[in-house]
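Colleague: Supplied structure: target.json, JSON, C-alpha atoms and all ligand atoms.
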[["chain", "number", "residue", "atom", "x", "y", "z"],
["A", 1, "MET", "CA", -0.65, -23.79, 54.66],
["A", 2, "LYS", "CA", -1.93, -26.03, 51.95],
["A", 3, "LEU", "CA", -5.50, -25.10, 52.85],
["A", 4, "TYR", "CA", -4.58, -21.40, 52.87],
["A", 5, "ARG", "CA", -3.04, -21.74, 49.42],
["A", 6, "THR", "CA", -6.12, -23.52, 48.18],
["A", 7, "LYS", "CA", -8.35, -20.82, 49.65],
["A", 8, "LYS", "CA", -6.16, -18.12, 48.17],
["A", 9, "PHE", "CA", -6.21, -19.88, 44.83],
["A", 10, "LEU", "CA", -9.96, -20.21, 45.03],
["A", 11, "SER", "CA", -10.44, -16.58, 45.98],
["A", 12, "VAL", "CA", -8.14, -15.39, 43.18],
["A", 13, "GLY", "CA", -9.99, -17.69, 40.82],
["A", 14, "VAL", "CA", -13.39, -16.39, 41.87],
["A", 15, "VAL", "CA", -12.28, -12.75, 41.61],
["A", 16, "GLY", "CA", -10.77, -13.53, 38.21],
["A", 17, "MET", "CA", -13.98, -15.12, 37.02],
["A", 18, "ILE", "CA", -16.01, -12.14, 38.20],
["A", 19, "LEU", "CA", -13.60, -9.74, 36.50],
["A", 20, "TYR", "CA", -13.68, -11.81, 33.31],
["A", 21, "THR", "CA", -17.48, -11.83, 33.34],
["A", 22, "VAL", "CA", -17.64, -8.08, 33.92],
["A", 23, "MET", "CA", -15.02, -7.39, 31.25],
["A", 24, "SER", "CA", -16.75, -9.69, 28.77],
["A", 25, "ALA", "CA", -20.05, -7.97, 29.45],
["A", 26, "THR", "CA", -18.37, -4.56, 29.04],
["A", 27, "THR", "CA", -16.73, -5.64, 25.80],
["A", 28, "THR", "CA", -19.99, -7.01, 24.48],
["A", 29, "TYR", "CA", -21.72, -3.81, 25.47],
["A", 30, "ALA", "CA", -19.00, -1.68, 23.84],
["A", 31, "ASN", "CA", -19.26, -3.67, 20.62],
["A", 32, "SER", "CA", -23.00, -3.60, 20.49],
["A", 33, "SER", "CA", -23.31, 0.05, 21.43],
["A", 34, "SER", "CA", -21.52, 1.27, 18.31],
["A", 35, "ASP", "CA", -20.92, -0.10, 14.85],
["A", 36, "SER", "CA", -18.12, 2.40, 14.26],
["A", 37, "VAL", "CA", -14.44, 1.77, 14.99],
["A", 38, "THR", "CA", -13.40, 5.40, 14.72],
["A", 39, "GLY", "CA", -16.65, 7.20, 15.46],
["A", 40, "ASP", "CA", -16.57, 8.70, 11.97],
["A", 41, "GLY", "CA", -18.17, 7.08, 8.93],
["A", 42, "ARG", "CA", -15.64, 8.42, 6.45],
["A", 43, "LYS", "CA", -12.67, 7.32, 8.57],
["A", 44, "ASP", "CA", -14.22, 3.89, 9.05],
["A", 45, "THR", "CA", -13.90, 3.22, 5.31],
["A", 46, "TYR", "CA", -10.11, 2.96, 5.83],
["A", 47, "VAL", "CA", -10.22, 0.58, 8.78],
["A", 48, "ASN", "CA", -10.12, -2.78, 6.99],
["A", 49, "GLY", "CA", -7.46, -1.48, 4.61],
["A", 50, "ILE", "CA", -5.19, -0.56, 7.50],
["A", 51, "VAL", "CA", -5.82, -3.84, 9.31],
["A", 52, "TYR", "CA", -5.04, -5.71, 6.08],
["A", 53, "GLN", "CA", -1.89, -3.70, 5.50],
["A", 54, "LEU", "CA", -0.68, -4.72, 8.97],
["A", 55, "SER", "CA", -1.39, -8.43, 8.39],
["A", 56, "ALA", "CA", 0.85, -11.46, 7.92],
["A", 57, "GLU", "CA", -0.75, -11.91, 4.51],
["A", 58, "VAL", "CA", 0.53, -8.53, 3.33],
["A", 59, "VAL", "CA", 3.98, -9.23, 4.74],
["A", 60, "GLY", "CA", 3.90, -12.39, 2.63],
["A", 61, "LEU", "CA", 2.89, -10.45, -0.49],
["A", 62, "GLN", "CA", 5.66, -7.92, 0.14],
["A", 63, "LYS", "CA", 8.30, -10.63, 0.53],
["A", 64, "GLN", "CA", 6.89, -12.34, -2.54],
["A", 65, "ALA", "CA", 7.24, -9.12, -4.55],
["A", 66, "PHE", "CA", 10.94, -8.85, -3.78],
["A", 67, "VAL", "CA", 11.57, -12.54, -4.46],
["A", 68, "LEU", "CA", 10.02, -11.96, -7.89],
["A", 69, "ALA", "CA", 11.97, -8.73, -8.39],
["A", 70, "LYS", "CA", 15.23, -10.57, -7.68],
["A", 71, "LEU", "CA", 14.31, -13.32, -10.16],
["A", 72, "GLN", "CA", 13.65, -10.72, -12.86],
["A", 73, "LEU", "CA", 16.81, -8.83, -12.00],
["A", 74, "ASP", "CA", 18.86, -12.03, -12.29],
["A", 75, "ASN", "CA", 17.11, -12.78, -15.56],
["A", 76, "ALA", "CA", 18.04, -9.36, -16.96],
["A", 77, "LEU", "CA", 21.66, -9.78, -15.84],
["A", 78, "LYS", "CA", 21.87, -12.99, -17.86],
["A", 79, "HIS", "CA", 21.16, -11.02, -21.05],
["A", 80, "PRO", "CA", 23.53, -8.04, -21.22],
["A", 81, "GLU", "CA", 23.17, -8.08, -25.02],
["A", 82, "ARG", "CA", 19.65, -6.66, -24.61],
["A", 83, "TYR", "CA", 20.89, -3.39, -23.12],
["A", 84, "ASP", "CA", 22.94, -0.45, -24.37],
["A", 85, "LYS", "CA", 23.12, 1.68, -21.24],
["A", 86, "PRO", "CA", 23.94, 0.97, -17.61],
["A", 87, "LEU", "CA", 21.08, -0.81, -15.82],
["A", 88, "ALA", "CA", 18.77, 0.84, -13.32],
["A", 89, "ILE", "CA", 15.75, 0.11, -11.16],
["A", 90, "VAL", "CA", 13.12, 2.77, -10.52],
["A", 91, "THR", "CA", 11.13, 2.49, -7.33],
["A", 92, "ASP", "CA", 8.48, 4.41, -5.47],
["A", 93, "VAL", "CA", 9.06, 4.90, -1.73],
["A", 94, "ASP", "CA", 5.90, 4.89, 0.42],
["A", 95, "GLN", "CA", 4.15, 1.53, 0.65],
["A", 96, "THR", "CA", 6.66, 0.14, -1.85],
["A", 97, "ILE", "CA", 9.89, 0.15, 0.14],
["A", 98, "MET", "CA", 8.83, 2.06, 3.30],
["A", 99, "SER", "CA", 5.60, 1.44, 5.22],
["A", 100, "ASP", "CA", 3.61, 4.50, 6.29],
["A", 101, "THR", "CA", 0.70, 2.47, 7.66],
["A", 102, "THR", "CA", 1.67, 3.43, 11.18],
["A", 103, "TYR", "CA", 0.84, 7.07, 10.39],
["A", 104, "GLN", "CA", -2.61, 6.08, 9.21],
["A", 105, "ALA", "CA", -3.20, 3.87, 12.24],
["A", 106, "THR", "CA", -2.33, 6.90, 14.38],
["A", 107, "MET", "CA", -4.87, 9.04, 12.53],
["A", 108, "MET", "CA", -7.57, 6.43, 13.14],
["A", 109, "ASN", "CA", -7.13, 6.84, 16.90],
["A", 110, "LYS", "CA", -7.36, 10.62, 16.78],
["A", 111, "PRO", "CA", -10.75, 12.31, 17.13],
["A", 112, "GLY", "CA", -12.39, 14.06, 14.21],
["A", 113, "THR", "CA", -12.78, 13.30, 10.56],
["A", 114, "TRP", "CA", -10.01, 12.25, 8.19],
["A", 115, "ASP", "CA", -10.07, 11.34, 4.54],
["A", 116, "ASN", "CA", -6.54, 10.14, 3.91],
["A", 117, "GLY", "CA", -5.51, 13.65, 4.79],
["A", 118, "PRO", "CA", -4.71, 16.35, 5.67],
["A", 119, "ARG", "CA", -1.17, 15.05, 5.89],
["A", 120, "LYS", "CA", -0.31, 17.20, 8.90],
["A", 121, "GLY", "CA", 2.11, 15.20, 10.98],
["A", 122, "TYR", "CA", 2.95, 12.83, 8.13],
["A", 123, "TYR", "CA", 6.60, 13.74, 7.93],
["A", 124, "HIS", "CA", 6.96, 13.49, 11.71],
["A", 125, "ALA", "CA", 5.86, 9.86, 11.35],
["A", 126, "VAL", "CA", 8.28, 9.38, 8.45],
["A", 127, "ALA", "CA", 11.10, 10.73, 10.61],
["A", 128, "SER", "CA", 10.42, 8.14, 13.33],
["A", 129, "THR", "CA", 11.42, 4.48, 13.41],
["A", 130, "ALA", "CA", 7.71, 3.60, 13.29],
["A", 131, "ASP", "CA", 7.98, 4.10, 9.52],
["A", 132, "GLN", "CA", 9.84, 0.88, 8.71],
["A", 133, "PRO", "CA", 11.21, -0.64, 5.50],
["A", 134, "ILE", "CA", 8.89, -3.02, 3.66],
["A", 135, "PRO", "CA", 10.11, -6.60, 4.31],
["A", 136, "GLY", "CA", 12.61, -7.67, 1.68],
["A", 137, "ALA", "CA", 13.24, -4.18, 0.28],
["A", 138, "VAL", "CA", 16.60, -3.26, 1.82],
["A", 139, "GLU", "CA", 18.05, -6.67, 0.94],
["A", 140, "PHE", "CA", 16.80, -6.48, -2.64],
["A", 141, "PHE", "CA", 18.21, -3.03, -3.41],
["A", 142, "ASN", "CA", 21.57, -3.88, -1.87],
["A", 143, "TYR", "CA", 21.64, -7.04, -3.97],
["A", 144, "ALA", "CA", 21.00, -4.92, -7.06],
["A", 145, "LYS", "CA", 23.80, -2.58, -6.02],
["A", 146, "SER", "CA", 26.17, -5.54, -5.60],
["A", 147, "LYS", "CA", 25.41, -6.46, -9.22],
["A", 148, "GLY", "CA", 26.18, -2.95, -10.48],
["A", 149, "VAL", "CA", 22.55, -1.90, -10.93],
["A", 150, "THR", "CA", 21.68, 1.67, -9.88],
["A", 151, "SER", "CA", 18.48, 2.53, -7.99],
["A", 152, "PHE", "CA", 16.37, 5.66, -8.39],
["A", 153, "TYR", "CA", 13.71, 6.58, -5.82],
["A", 154, "ILE", "CA", 10.87, 8.46, -7.53],
["A", 155, "THR", "CA", 8.47, 9.54, -4.82],
["A", 156, "ASN", "CA", 5.61, 12.00, -4.57],
["A", 157, "ARG", "CA", 6.75, 13.30, -1.24],
["A", 158, "ALA", "CA", 6.94, 17.11, -1.15],
["A", 159, "TYR", "CA", 9.95, 18.78, -2.78],
["A", 160, "ASP", "CA", 10.97, 20.48, 0.47],
["A", 161, "THR", "CA", 11.22, 17.14, 2.31],
["A", 162, "LYS", "CA", 13.85, 15.70, 0.00],
["A", 163, "GLU", "CA", 16.56, 15.97, 2.64],
["A", 164, "LEU", "CA", 14.42, 13.91, 5.02],
["A", 165, "ALA", "CA", 13.75, 11.28, 2.32],
["A", 166, "VAL", "CA", 17.47, 10.95, 1.58],
["A", 167, "ALA", "CA", 18.29, 10.73, 5.30],
["A", 168, "GLN", "CA", 15.55, 8.16, 5.93],
["A", 169, "LEU", "CA", 16.64, 5.89, 3.08],
["A", 170, "GLN", "CA", 20.26, 6.16, 4.20],
["A", 171, "HIS", "CA", 19.25, 5.49, 7.82],
["A", 172, "PHE", "CA", 17.64, 2.19, 6.85],
["A", 173, "GLY", "CA", 20.48, 1.16, 4.54],
["A", 174, "PHE", "CA", 19.13, 1.71, 1.02],
["A", 175, "PRO", "CA", 21.88, 2.14, -1.60],
["A", 176, "ASP", "CA", 22.19, 5.17, -3.91],
["A", 177, "ALA", "CA", 20.15, 7.23, -1.44],
["A", 178, "ASP", "CA", 21.49, 10.67, -2.29],
["A", 179, "ASP", "CA", 20.46, 13.97, -3.79],
["A", 180, "LEU", "CA", 20.77, 12.70, -7.36],
["A", 181, "HIS", "CA", 18.91, 9.40, -7.00],
["A", 182, "VAL", "CA", 16.04, 10.48, -4.72],
["A", 183, "MET", "CA", 13.50, 12.33, -6.84],
["A", 184, "PRO", "CA", 10.48, 13.85, -5.02],
["A", 185, "MET", "CA", 7.80, 16.06, -6.58],
["A", 186, "ASN", "CA", 9.00, 19.38, -7.96],
["A", 187, "GLU", "CA", 8.06, 22.74, -6.51],
["A", 188, "ALA", "CA", 4.99, 22.86, -8.77],
["A", 189, "ARG", "CA", 3.81, 19.66, -7.00],
["A", 190, "GLU", "CA", 3.67, 17.73, -10.26],
["A", 191, "PHE", "CA", 2.20, 14.34, -9.29],
["A", 192, "ASN", "CA", 2.77, 12.78, -12.70],
["A", 193, "LYS", "CA", 6.01, 10.79, -12.61],
["A", 194, "ASP", "CA", 6.49, 10.54, -16.41],
["A", 195, "ALA", "CA", 9.04, 13.37, -16.60],
["A", 196, "ARG", "CA", 11.15, 11.90, -13.79],
["A", 197, "ARG", "CA", 11.03, 8.44, -15.37],
["A", 198, "ALA", "CA", 12.11, 9.95, -18.70],
["A", 199, "GLU", "CA", 15.00, 11.71, -16.96],
["A", 200, "VAL", "CA", 16.31, 8.39, -15.65],
["A", 201, "ALA", "CA", 15.76, 6.65, -19.01],
["A", 202, "LYS", "CA", 18.05, 9.18, -20.74],
["A", 203, "ASN", "CA", 21.12, 7.56, -19.19],
["A", 204, "TYR", "CA", 19.94, 4.13, -18.07],
["A", 205, "ASP", "CA", 18.08, 1.08, -19.28],
["A", 206, "VAL", "CA", 15.45, 0.62, -16.60],
["A", 207, "ILE", "CA", 14.90, -3.08, -16.10],
["A", 208, "LEU", "CA", 12.34, -2.90, -13.29],
["A", 209, "TYR", "CA", 9.79, -0.49, -11.89],
["A", 210, "LEU", "CA", 8.44, -1.07, -8.39],
["A", 211, "GLY", "CA", 5.37, 0.65, -6.96],
["A", 212, "ASP", "CA", 2.13, 0.33, -5.02],
["A", 213, "ASN", "CA", 0.20, 2.74, -7.24],
["A", 214, "ILE", "CA", -0.29, 2.27, -10.96],
["A", 215, "SER", "CA", 1.04, 5.78, -11.60],
["A", 216, "ASP", "CA", 4.40, 4.46, -10.33],
["A", 217, "PHE", "CA", 4.55, 2.60, -13.68],
["A", 218, "THR", "CA", 2.64, 4.71, -16.20],
["A", 219, "SER", "CA", 0.25, 7.66, -16.30],
["A", 220, "ALA", "CA", -2.02, 5.86, -18.78],
["A", 221, "PHE", "CA", -4.49, 4.66, -16.14],
["A", 222, "ARG", "CA", -6.26, 8.01, -15.84],
["A", 223, "LYS", "CA", -8.84, 8.34, -13.09],
["A", 224, "GLU", "CA", -11.51, 9.50, -15.55],
["A", 225, "LEU", "CA", -11.46, 6.04, -17.14],
["A", 226, "GLY", "CA", -13.25, 4.82, -14.02],
["A", 227, "PRO", "CA", -12.50, 1.66, -12.04],
["A", 228, "ILE", "CA", -13.93, -0.90, -14.48],
["A", 229, "ASN", "CA", -12.13, 0.38, -17.57],
["A", 230, "ARG", "CA", -8.87, 0.71, -15.63],
["A", 231, "THR", "CA", -9.18, -2.95, -14.63],
["A", 232, "LYS", "CA", -9.74, -3.94, -18.25],
["A", 233, "LEU", "CA", -6.77, -1.82, -19.32],
["A", 234, "ALA", "CA", -4.54, -3.65, -16.83],
["A", 235, "LEU", "CA", -5.31, -6.88, -18.70],
["A", 236, "SER", "CA", -5.10, -5.38, -22.19],
["A", 237, "ASP", "CA", -2.46, -6.50, -24.69],
["A", 238, "THR", "CA", -0.43, -3.36, -23.94],
["A", 239, "TYR", "CA", -0.02, -3.98, -20.23],
["A", 240, "GLU", "CA", -0.83, -7.59, -19.43],
["A", 241, "LYS", "CA", 2.73, -8.83, -19.87],
["A", 242, "LYS", "CA", 4.31, -6.10, -17.77],
["A", 243, "TRP", "CA", 3.01, -7.39, -14.44],
["A", 244, "GLY", "CA", 5.68, -9.40, -12.66],
["A", 245, "THR", "CA", 8.19, -8.86, -15.46],
["A", 246, "GLU", "CA", 8.91, -5.13, -15.81],
["A", 247, "TRP", "CA", 6.41, -4.01, -13.19],
["A", 248, "ILE", "CA", 6.48, -5.31, -9.62],
["A", 249, "VAL", "CA", 3.42, -4.13, -7.70],
["A", 250, "LEU", "CA", 3.23, -4.03, -3.92],
["A", 251, "PRO", "CA", -0.10, -4.23, -2.03],
["A", 252, "ASN", "CA", -1.59, -1.05, -0.61],
["A", 253, "ALA", "CA", -5.12, -1.36, 0.72],
["A", 254, "THR", "CA", -4.96, 1.99, 2.51],
["A", 255, "TYR", "CA", -4.69, 4.57, -0.27],
["A", 256, "GLY", "CA", -3.95, 5.03, -3.95],
["A", 257, "ASP", "CA", -5.40, 6.33, -7.20],
["A", 258, "TYR", "CA", -7.87, 3.43, -7.22],
["A", 259, "ILE", "CA", -9.94, 5.07, -4.45],
["A", 260, "PRO", "CA", -10.71, 8.50, -6.01],
["A", 261, "THR", "CA", -11.09, 6.71, -9.35],
["A", 262, "VAL", "CA", -14.38, 5.27, -8.05],
["A", 263, "TRP", "CA", -16.02, 8.68, -7.77],
["A", 264, "TYR", "CA", -13.79, 10.78, -10.03],
["A", 265, "ASN", "CA", -16.54, 11.27, -12.58],
["A", 266, "LYS", "CA", -19.17, 11.95, -9.89],
["A", 267, "PRO", "CA", -19.90, 15.13, -7.97],
["A", 268, "GLU", "CA", -18.19, 15.26, -4.57],
["A", 269, "ALA", "CA", -21.49, 14.62, -2.77],
["A", 270, "ASN", "CA", -22.00, 11.28, -4.51],
["A", 271, "ARG", "CA", -19.04, 9.22, -3.33],
["A", 272, "ASN", "CA", -21.22, 6.64, -1.62],
["A", 273, "GLU", "CA", -23.53, 6.45, -4.61],
["A", 274, "ALA", "CA", -20.53, 5.92, -6.92],
["A", 275, "THR", "CA", -19.27, 3.12, -4.67],
["A", 276, "ARG", "CA", -22.71, 1.49, -4.66],
["A", 277, "GLU", "CA", -22.74, 1.67, -8.47],
["A", 278, "LEU", "CA", -19.42, -0.17, -8.59],
["A", 279, "PHE", "CA", -20.77, -2.87, -6.29],
["A", 280, "HIS", "CA", -23.86, -3.15, -8.47],
["A", 281, "TYR", "CA", -21.68, -3.72, -11.53],
["A", 282, "TRP", "CA", -20.15, -6.74, -9.81],
["A", 283, "ASP", "CA", -23.44, -7.96, -8.34],
["A", 284, "TYR", "CA", -24.15, -11.37, -9.86],
["A", 285, "THR", "CA", -27.79, -10.36, -10.28],
["A", 286, "ASN", "CA", -26.77, -7.51, -12.60],
["A", 287, "PRO", "CA", -28.42, -8.22, -15.99],
["A", 288, "GLN", "CA", -25.02, -7.98, -17.70],
["A", 289, "TRP", "CA", -24.18, -11.40, -16.25],
["A", 290, "ASN", "CA", -26.03, -14.59, -17.00],
["A", 291, "THR", "CA", -26.27, -17.93, -15.27],
["A", 292, "TRP", "CA", -24.12, -20.53, -16.95],
["A", 293, "TYR", "CA", -25.20, -23.40, -14.66],
["A", 294, "ASP", "CA", -28.13, -23.76, -12.28],
["A", 295, "GLY", "CA", -28.47, -27.53, -11.84],
["A", 296, "PHE", "CA", -27.84, -27.39, -8.09],
["A", 297, "VAL", "CA", -29.29, -23.98, -7.34],
["A", 298, "LYS", "CA", -31.94, -24.78, -4.73],
["A", 299, "ASP", "CA", -33.05, -21.50, -3.16],
["B", 301, "MG", "MG", 3.60, 4.66, -2.87]]
Let's see the structure in the file written out as structure tokens.
Modeller:
Amino acid sequence: MKLYRTKKFLSVGVVGMILYTVMSATTTYANSSSDSVTGDGRKDTYVNGIVYQLSAEVVGLQKQAFVLAKLQLDNALKHPERYDKPLAIVTDVDQTIMSDTTYQATMMNKPGTWDNGPRKGYYHAVASTADQPIPGAVEFFNYAKSKGVTSFYITNRAYDTKELAVAQLQHFGFPDADDLHVMPMNEAREFNKDARRAEVAKNYDVILYLGDNISDFTSAFRKELGPINRTKLALSDTYEKKWGTEWIVLPNATYGDYIPTVWYNKPEANRNEATRELFHYWDYTNPQWNTWYDGFVKD
């Protein structure tokens, strides 16, 4: 019996080794036969962003954002003398308090091209439990509610999906999720959120804005400024002090105004060229930079 077991073990082991070898060879072959994850060059540009968005590191950044938001909320509550009106928080929805990365991962596995759209099927994903709250979000907004602070959800989801947005936020336990406090785009599909922010500010002192896209905070970072000037503007006197105090930004490597900004001033056909230009700007060999130290530069 012992011998039989040993033989069986050996035979299973040998078969396993053969299978492992075959599978390894197949995997190696599959990897070397194609340098594309999706089979489409345009779609492939989103791959790392989606993988990053699904990482432990991003979960950490998301939790970190809500820890900071709570600190700033508590700080505001300590100074009621600074405010005349009831307090409010304005937040975006997608990739700020709800993750839609699962929709994009789905699109990566489907055949054909995709360039962060069309959004066909998007709201089916939103209506499923695959679209989950961002870690820390539900707890934060309920904490704000417990302190008497009202939340407004300003989202660029389509106007005719408002009912779904309200239901989704209620389903996952977000406070103030009702017809009044959930504010999608209007029928004219106005992307700019300034008017909706102004509407809230009529009756409330907004102590915090949360978003993953800079237009969740202000419309000043116009795409035509280009990526380099927008970066400089973020660190300008006007905006530098807003980060982490009034503005809490969540990571979104998968989409946002920052992507079309790269080629906004270029003809449609020159997206790759525009991206290469951006890389060249940051290339250390670009003549705009100079070497400040070369004592140990050997090669
Ligand atoms: Mg968003």
Colleague: Select the residues contacting ligand MG 301 (chain B) at a distance of at most 7 Å, based on only C-alpha atoms and all ligand atoms, then format the selection as a list in words.
Modeller: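 I would give the residues around ligand MG 301 (chain B) as Asp92, Val93, Asp94, Gln95, Thr96, Gly211, Asp212 and Asn213 of chain A.
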Colleague: For Pro86 in chain A, please output as an mmCIF file with C-alpha atoms, in the coordinates of the input all residues within 8 Å (counting only C-alpha atoms; exclusion window: fewer than 5 positions along the same chain).
Modeller:
data_model
loop_
_atom_site.group_PDB
_atom_site.id
_atom_site.type_symbol
_atom_site.label_atom_id
_atom_site.label_comp_id
_atom_site.auth_asym_id
_atom_site.auth_seq_id
_atom_site.Cartn_x
_atom_site.Cartn_y
_atom_site.Cartn_z
ATOM 1 C CA VAL A 149 22.550 -1.900 -10.930
ATOM 2 C CA ASN A 203 21.120 7.560 -19.190
ATOM 3 C CA TYR A 204 19.940 4.130 -18.070
ATOM 4 C CA ASP A 205 18.080 1.080 -19.280
#
Colleague: CA of Asp100 in chain A and CA of Gln132 in chain A, how far apart in Å?
Modeller: 7.6 Å
Colleague: Would you pick out the contacts of range 228-237 of chain A at 9 Å or less, using only C-alpha atoms, so that residues sharing its chain but fewer than 5 positions from it are not included, and give the list as a list in words?
Modeller: Phe221, Arg222, Lys223, Trp243, Tyr258, Thr261, Val262, Leu278 and Tyr281 of chain A
Colleague: I need the residue nearest Ala88 in chain A from this list: A:Ala144, A:Leu225, A:Ala56, A:Leu169. Use all atoms listed in the file for the distance.
Modeller: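 For Ala88 in chain A, the nearest of the given residues is A:Ala144.
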Colleague: Which of these residues is nearest to Gln53 in chain A, using only C-alpha atoms: A:Pro251, A:Pro184, A:Pro227, A:Pro260?
Modeller: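 Of A:Pro251, A:Pro184, A:Pro227, A:Pro260, the one nearest Gln53 in chain A, counting only C-alpha atoms, is A:Pro251.
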Colleague: Quick one: of A:Asn109, A:Gln170, A:Gln104, A:Asn116, who's nearest to Pro133 in chain A, counting only C-alpha atoms?
Modeller: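 Of A:Asn109, A:Gln170, A:Gln104, A:Asn116, the one nearest Pro133 in chain A is A:Gln170, counting only C-alpha atoms.
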Colleague: Between CA of Val166 in chain A and CA of Asp178 in chain A, measure the distance and give it in Å to one decimal.
Modeller: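 It comes out at 5.6 Å.
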Colleague: What does the distance from CA of Val138 in chain A to CA of Phe172 in chain A come to in Å, to one decimal?
Modeller: 7.5 Å
Colleague: Env of Met183 in chain A: 8 Å cut, atoms = all atoms listed in the file, seq-sep filter 3 positions within chain, self excluded. Answer as a PyMOL selection string.
Modeller: chain A and resi 152-155+162+179-180+196
Colleague: Using only C-alpha atoms, which of A:Asp176, A:Glu57, A:Asp115, A:Glu246 sits nearest Gly148 in chain A?
Modeller: A:Asp176
Colleague: For Asp160 in chain A, which residue out of A:Ser34, A:Ser99, A:Asn48, A:Asn186 is the nearest one, using only C-alpha atoms?
Modeller: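 Distance minimum relative to Asp160 in chain A lands on A:Asn186.
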Colleague: So which one's closest to Glu139 in chain A, A:Leu208, A:Ala158, A:Met185, A:Lys63? Using only C-alpha atoms, please.
Modeller: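 Smallest distance to Glu139 in chain A is found for A:Lys63.
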Colleague: Excluding Leu61 in chain A and residues on its chain fewer than 6 positions from it, collect all residues at most 10 Å away from it, counting all atoms listed in the file, and give them as number ranges by chain.
Modeller: A: 67, 135, 249-251
Colleague: Show me, as a ChimeraX atom specification, the residues that have an atom within 10 Å of Pro111 in chain A when counting only C-alpha atoms, minus same-chain residues fewer than 2 positions from it.
Modeller: /A:38-40,107-109,113-114
Colleague: How would the residues just picked look written out with C-alpha atoms as an mmCIF file, in the frame of the given file?
Modeller:
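To be explicit, this is the file written out as result_30.cif:
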data_model
loop_
_atom_site.group_PDB
_atom_site.id
_atom_site.type_symbol
_atom_site.label_atom_id
_atom_site.label_comp_id
_atom_site.auth_asym_id
_atom_site.auth_seq_id
_atom_site.Cartn_x
_atom_site.Cartn_y
_atom_site.Cartn_z
ATOM 1 C CA THR A 38 -13.400 5.400 14.720
ATOM 2 C CA GLY A 39 -16.650 7.200 15.460
ATOM 3 C CA ASP A 40 -16.570 8.700 11.970
ATOM 4 C CA MET A 107 -4.870 9.040 12.530
ATOM 5 C CA MET A 108 -7.570 6.430 13.140
ATOM 6 C CA ASN A 109 -7.130 6.840 16.900
ATOM 7 C CA THR A 113 -12.780 13.300 10.560
ATOM 8 C CA TRP A 114 -10.010 12.250 8.190
#
Colleague: Adding 6 Å on each side of the box along x, y and z that holds all listed atoms of range 199-218 of chain A, could you give its centre and edge lengths in Å to one decimal, as lines of an AutoDock Vina configuration file?
Modeller:
center_x = 10.4
center_y = 4.3
center_z = -12.9
size_x = 33.4
size_y = 26.8
size_z = 27.7
